[in-house]
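Structure record follows, encoded as structure tokens.
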Amino acid sequence: MPFRLFSETAKRWRAWLLARRPRGHPARIAAREVYILPTGAGVAAALALAAMWVASINYGLALGHALTYFLVAVGVVSLFQTQRSLVDLEIAARPAQPVFAGEPLVFLLSVRELRGRARFALRIRGDGLPPINCALSAWGETTLRLSTPTTHRGWLEMPPLVIETEWPFGFARAWTYVALPVRGLVYPKPAENPPPAPRLPGRETGVARGEEDFAGLSDHRPGEPLPRVAWKASARLEEGLLAKRFAGGESQILWLDWQALPSALDKETRLAWLARWALDAERARLAWGLVLPTIRLAPGSGPEHLAHTLSALALYD
Amino acid sequence: MTETALSRTSLGGLWVTAALSLAPLALAQPRWIAFLSATLLALYALLWLYRLPLPSRRLVNALALAGSLAIFFEYRTLFGLRAGLALLCLFLPAQLFVTRRRREGLTVILLSWFLILARFIDDQTPTAAALAFFAALVSLATLSRCLAPALELRAHARALALLCAQSAPLFLVLFLFMPRVPGPLWGLPQDARKGVSGLAEEMTPGSLAELALSEAVAFRVRFAQTPPRHALYFRGPVLERFDGRTWRMAPARERPAPPLIASSPDLIDYEITLEPHRQRWLLPLDWPLEIPPDAHMRHDFHVEAKQAVLALRRDRFRSASTPPFVEEATEVLQENLRLPLGSNPRTQALAASWRPLPPAQRVEAALDHFRRGGFVYTLRPPPLGEHSVDEFLFETRRGFCEHFAAAFVVLMRAADVPARVVTGYQGGSHNPIDDTWVVRQADAHAWAEVWIAGAGWRRVDPTALAAPQRLEADLVAALPVGDPVPLFARAGFDWLRTLRFHWWALQNGWNQWVLGYTADRQRQMLARFGLQEGDWRHLVWFLGIGAALALSLLAWTASSRKPRLDPAQRLWRAFLRRLARKGEAPAPWEGPLAFAKRAALRWPEKAAEIERIARLYAGLRYGKLGEEALEALRRAVLGFHP
């Protein structure tokens with residue numbers, strides 16, 4: 001299959017280019033890392049200019065020569081501008097907040113301009129993702145949300161970025177690859193309707209108390225549910241948000257035990273059930289512990305404990 | 001990105017581009033085409049203004065097809081230059097109606113470029129150039145607009161201005177040094193010659209009078225030493241064949257011997273900048289001695305270039321003010337005695353009565369007839385019938401220079417003196433601003449030459465007898481009161497004339513430096529730089545090496561320059577270095593304020609200082625803090641020691 005051969009070559013070619021990608025984090029794009037090729041529009045314009053040149057010769061038009069050469073000069077110089085549009089941009093990414101499989105993982109990209117030149121019509125896209133358009137003022141900085149679909153639990157590396165532009169005329173496309181060592185954690189997708197968590201012998205389980213005990217305020221972490229935000233208290237701050245913290249539910253302990261699950265279940269289903277139970281326990285303000293074949297988490301509760309539990313489930317193998 | 005729909009402002013920009021490039025050209029088309037173009041443009045503008053939906057693509061295609069058919073019936077072809085231009089004038093506005101995405105927008109832009117260029121075929125004046133340049137700029141701005149529709153117009157303008165400034169050197173190099181190929185590359189379509197007025201290869205009564213009101217410039221002359229105005233006869237086609245009504249050129253012949261200059265003549269050196277007239281002839285002063293290398297002189301002293309003059313050309317000539325002595329072939333003399341049988345019987349009878357006289361006196365007798373006959377020089381001669389010379393000499397007695405010249409030559413031939421009509425230009429306007437002579441189509445003239453055995457050809461200008469002012473002053477002085485006179489030539493318009501002299505001087509400069517920069521001129525200039533004339537291979541080497549040098553210079557500067565930092569950033573980095581020595585550095589994604597908060601936790605005693613630095617820096621970079629804040633930041637950073 002010639003197509004397969006072609007895509008195979010393209011893949012190898014891209015791997016080679018990626019090996020030459022800007023290294024380090026944040027990544028600064030250097031001139032030698034920017035590639036440029038004419039677009040269809042560029043080829044069409046070149047053909048049109050060639051025809052105009054021939055017409056100028058044939059009809060002896062001095063001004064025709066002037067017009068053609070002017071457009072040629074502007075076109076050629078515009079290629080340098082296209083390439084320089086990408087040089088000396090700095091790109092950093094923030095590790096994504098964990099999500100459940102199936103939800104998009106969002107990487108926050110910050111793009112800075114380091115040369116004192118305004119940049120226009122930039123496009124940034126992750127490999128296979130829809131492009132994001134942006135522009136930067138001189139010395140400017142902008143933040144973009146790179147949203148990556150997820151399917152499986154575990155670590156998800158940020159896909160390599162393609163940064164491209166056709167500015168100013170669309171006659172050529174300049175692009176570069178940037179791969180940043182940033183990843184996000186994908187929790188297993190919680191099961192929809194598992195049976196209720198089994199009660200383990202010798203352990204005390206209970207129901208959450210109806211009332212939540214307000215335990216204080218702390219910094220809001222991105223990804224925390226919005227109802228937790230203490231809006232009134234946050235408004236008094238100059239920046240950032242505060243979140244409410246609650247105490248309670250510590251007295252009852254639920255053990256989430258891998259071994260206690262029906263032996264017919266496969267690994268992913270077990271993890272999905274455990275994730276669902278952990279979420280339910282947190283919602284019910286219960287304390288819970290986790291027992292996996294390789295890991296044992298002491299009982300606890302609260303968002304941090306939930307995160308630990310879900311991470312352990314996400315990374316279990 | 002090609003697939004995304006164009007924004008409304010981009011479409012507006014495309015409309016403006018199309019209108020600017022279309023307007024000058026469409027006005028020169030047949031009226032219905034101009035009307036059609038304007039209607040389509042107006043229609044599109046209405047749809048755009050009121051945000052109405054565009055018509056279906058099929059309807060637009062059908063309309064374009066109908067228009068092409070109409071153009072075919074107007075021109076009987078679709079491939080000639082004129083028909084092609086008419087088609088472009090139709091297709092460009094039609095293309096607007098099917099433009100929805102960037103790809104179609106590009107088609108509009110490229111069509112516009114062709115239209116801008118096409119205008120130069122008929123008009124290369126500075127005004128046309130300025131308009132074209134403006135249209136080209138708008139087209140480029142529109143291209144950018146299609147790419148970045150959200151950007152402010154002012155930012156677009158600034159970016160384009162910068163780009164133009166950067167490309168100016170390359171443009172100059174291309175314009176001056178890119179080897180010019182002398183055209184045409186293939187035969188010019190016949191209809192390319194339409195619309196240029198000037199002398200013709202034949203002359204009928206009234207053909208020169210048509211030119212007399214034309215203000216168009218035929219050529220410009222700069223003399224080393226200006227001869228008197230009445231001696232300024234610029235020699236064009238020499239007409240030797242007469243069929244009773246029309247005078248035509250005879251085929252070129254070999255001259256039996258080269259012309260000799262009888263006495264040491266007054267030599268006149270001058271340079272003529274000839275407007276393209278799409279014919280082959282050049283217009284040297286009588287009597288040409290030295291002519292350009294790519295031209296040759298016919299037996300009748302008419303000078304022709306090898307190819308039609310399609311672009312402005314500038315040539316040096318040397319002429320003698322006295323006619324050279326030549327031996328003339330008998331066939332030529334025979335040709336110049338021939339008259340159609342039975343035409344103009346009264347004229348022939350009159351001339352026959354002079355035959356006993358010696359030749360020189362026959363000439364005098366004919367001139368006497370003009371002197372005493374009460375002839376009137378006029379731009380509005382009455383129409384003449386079959387025996388045109390008879391009617392002019394004996395009945396109407398009113399005519400323009402071609403009537404006088406033709407009648408005189410017929411008289412001479414009938415009196416057995418070889419004679420011929422010479423067409424060309426006489427006189428001109430001296431422009432005191434830049435000391436050039438401007439010869440316009442209105443200066444077109446016809447005179448006669450007679451062959452006197454032993455003396456050679458002698459110029460005789462019978463018009464001078466009826467209207468002597470024609471030679472000494474200009475056309476207007478020679479015309480009777482009541483004749484139409486060109487506006488600029490009217491009395492009482494002196495200030496207008498002064499203005500006009502300035503405009504002419506400007507145009508002359510434009511001609512010399514822009515339009516006159518042809519393949520020849522380029523070679524001359526390169527010779528001045530030490531490059532051998534005509535050695536285009538040197539030029540290619542020169543261009544290649546120059547381009548390679550320029551490119552490597554660019555690549556080197558692009559790769560070697562360290563990214564500059566703005567002053568606030570430099571201070572912030574210095575601050576970070578100080579903290580880094582103590583082992584605290586921001587994460588790549590950490591903003592200045594967040595980092596400061598973290599650092600403040602580590603150095604609680606310096607917390608206020610750290611937060612202040614971070615706030616100043618953030619304010620300078622992202623906020624609205626000004627110069628004083630920069631100074632404060634500098635002092636704070638320099639005074640900070642963790």
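All residue names refer to the structure tokens as shown: chains lettered A, B, ... in order, residues numbered from 1 in each chain, ligands numbered from 1 in order.
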
Please build the interface table for chain A against chain B with a cut-off of 6 Å, listing for each qualifying residue the nearest atom pair and the distance in Å to one decimal; count only C-alpha atoms, order rows by chain and increasing number, and write it as CSV.
residue,atom,partner,partner_atom,distance
A:Pro26,CA,B:Pro588,CA,5.6
A:Ala31,CA,B:Ser559,CA,5.7
A:Ile57,CA,B:Gly183,CA,5.1
A:Asn58,CA,B:Pro184,CA,4.0
A:Gly60,CA,B:Ala311,CA,4.9
A:Ala62,CA,B:Leu515,CA,5.0
A:Gly64,CA,B:Leu117,CA,5.6
A:Tyr69,CA,B:Phe171,CA,5.8
A:Phe70,CA,B:Phe171,CA,5.4
A:Ala73,CA,B:Phe171,CA,5.3
A:Val74,CA,B:Ser167,CA,5.3
A:Val77,CA,B:Ser167,CA,5.9
A:Ala92,CA,B:Trp589,CA,5.9
A:Ala93,CA,B:Trp589,CA,6.0
A:Arg94,CA,B:Trp589,CA,5.2
A:Arg115,CA,B:Arg564,CA,5.6
A:Ala121,CA,B:Ala148,CA,5.5
A:Pro168,CA,B:Ser144,CA,5.3
A:Phe169,CA,B:Ser144,CA,5.1

Requested in this report: Apply DSSP to the structure's backbone, then extract all residues of range 110-201 of chain B labelled alpha helix (DSSP H) and return them as a PyMOL selection string.
Outcome: chain B and resi 110-119+126-147+153-177

**Report entry** Who sits within 7 Å of Ser301 in chain A, only C-alpha atoms, same chain under 3 positions skipped, as a PyMOL selection string
**Finding:** chain A and resi 250+282+286-288+305-306

Query raised in the report: Which neighbours of Phe640 in chain B fall inside 8 Å, counting only C-alpha atoms, when residues of the same chain fewer than 3 positions from it are skipped, and could you give them as a list of chain:residue names?
Result: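 Surrounding residues, per the criterion: B:Phe575, B:Glu609, B:Ala636, B:Val637.
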
Query raised in the report: Do you have the CA of Ser85 in chain A-CA of Arg119 in chain A distance handy?
Result: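 Taking CA of Ser85 in chain A and CA of Arg119 in chain A, their separation equals 5.9 Å.
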
**Report entry** Residue neighbourhood Arg248 in chain B, 6 Å, only C-alpha atoms, exclusion window fewer than 3 positions, as a list in words
**Finding:** Glu202, Leu239 and Arg241 of chain B

Requested in this report: Output as JSON, numbers by chain all residues of range 58-210 of chain A that backbone DSSP marks as strand (DSSP E or B).
Outcome: {"A": [89, 90, 91, 92, 93, 94, 99, 100, 105, 106, 107, 108, 109, 110, 111, 112, 113, 119, 120, 121, 122, 123, 124, 125, 126, 132, 133, 134, 135, 136, 141, 142, 143, 144, 145, 146, 147, 148, 154, 155, 156, 157, 161, 162, 163, 164, 165, 172, 173, 174, 175, 176, 177, 178, 183, 184, 185, 186, 187]}
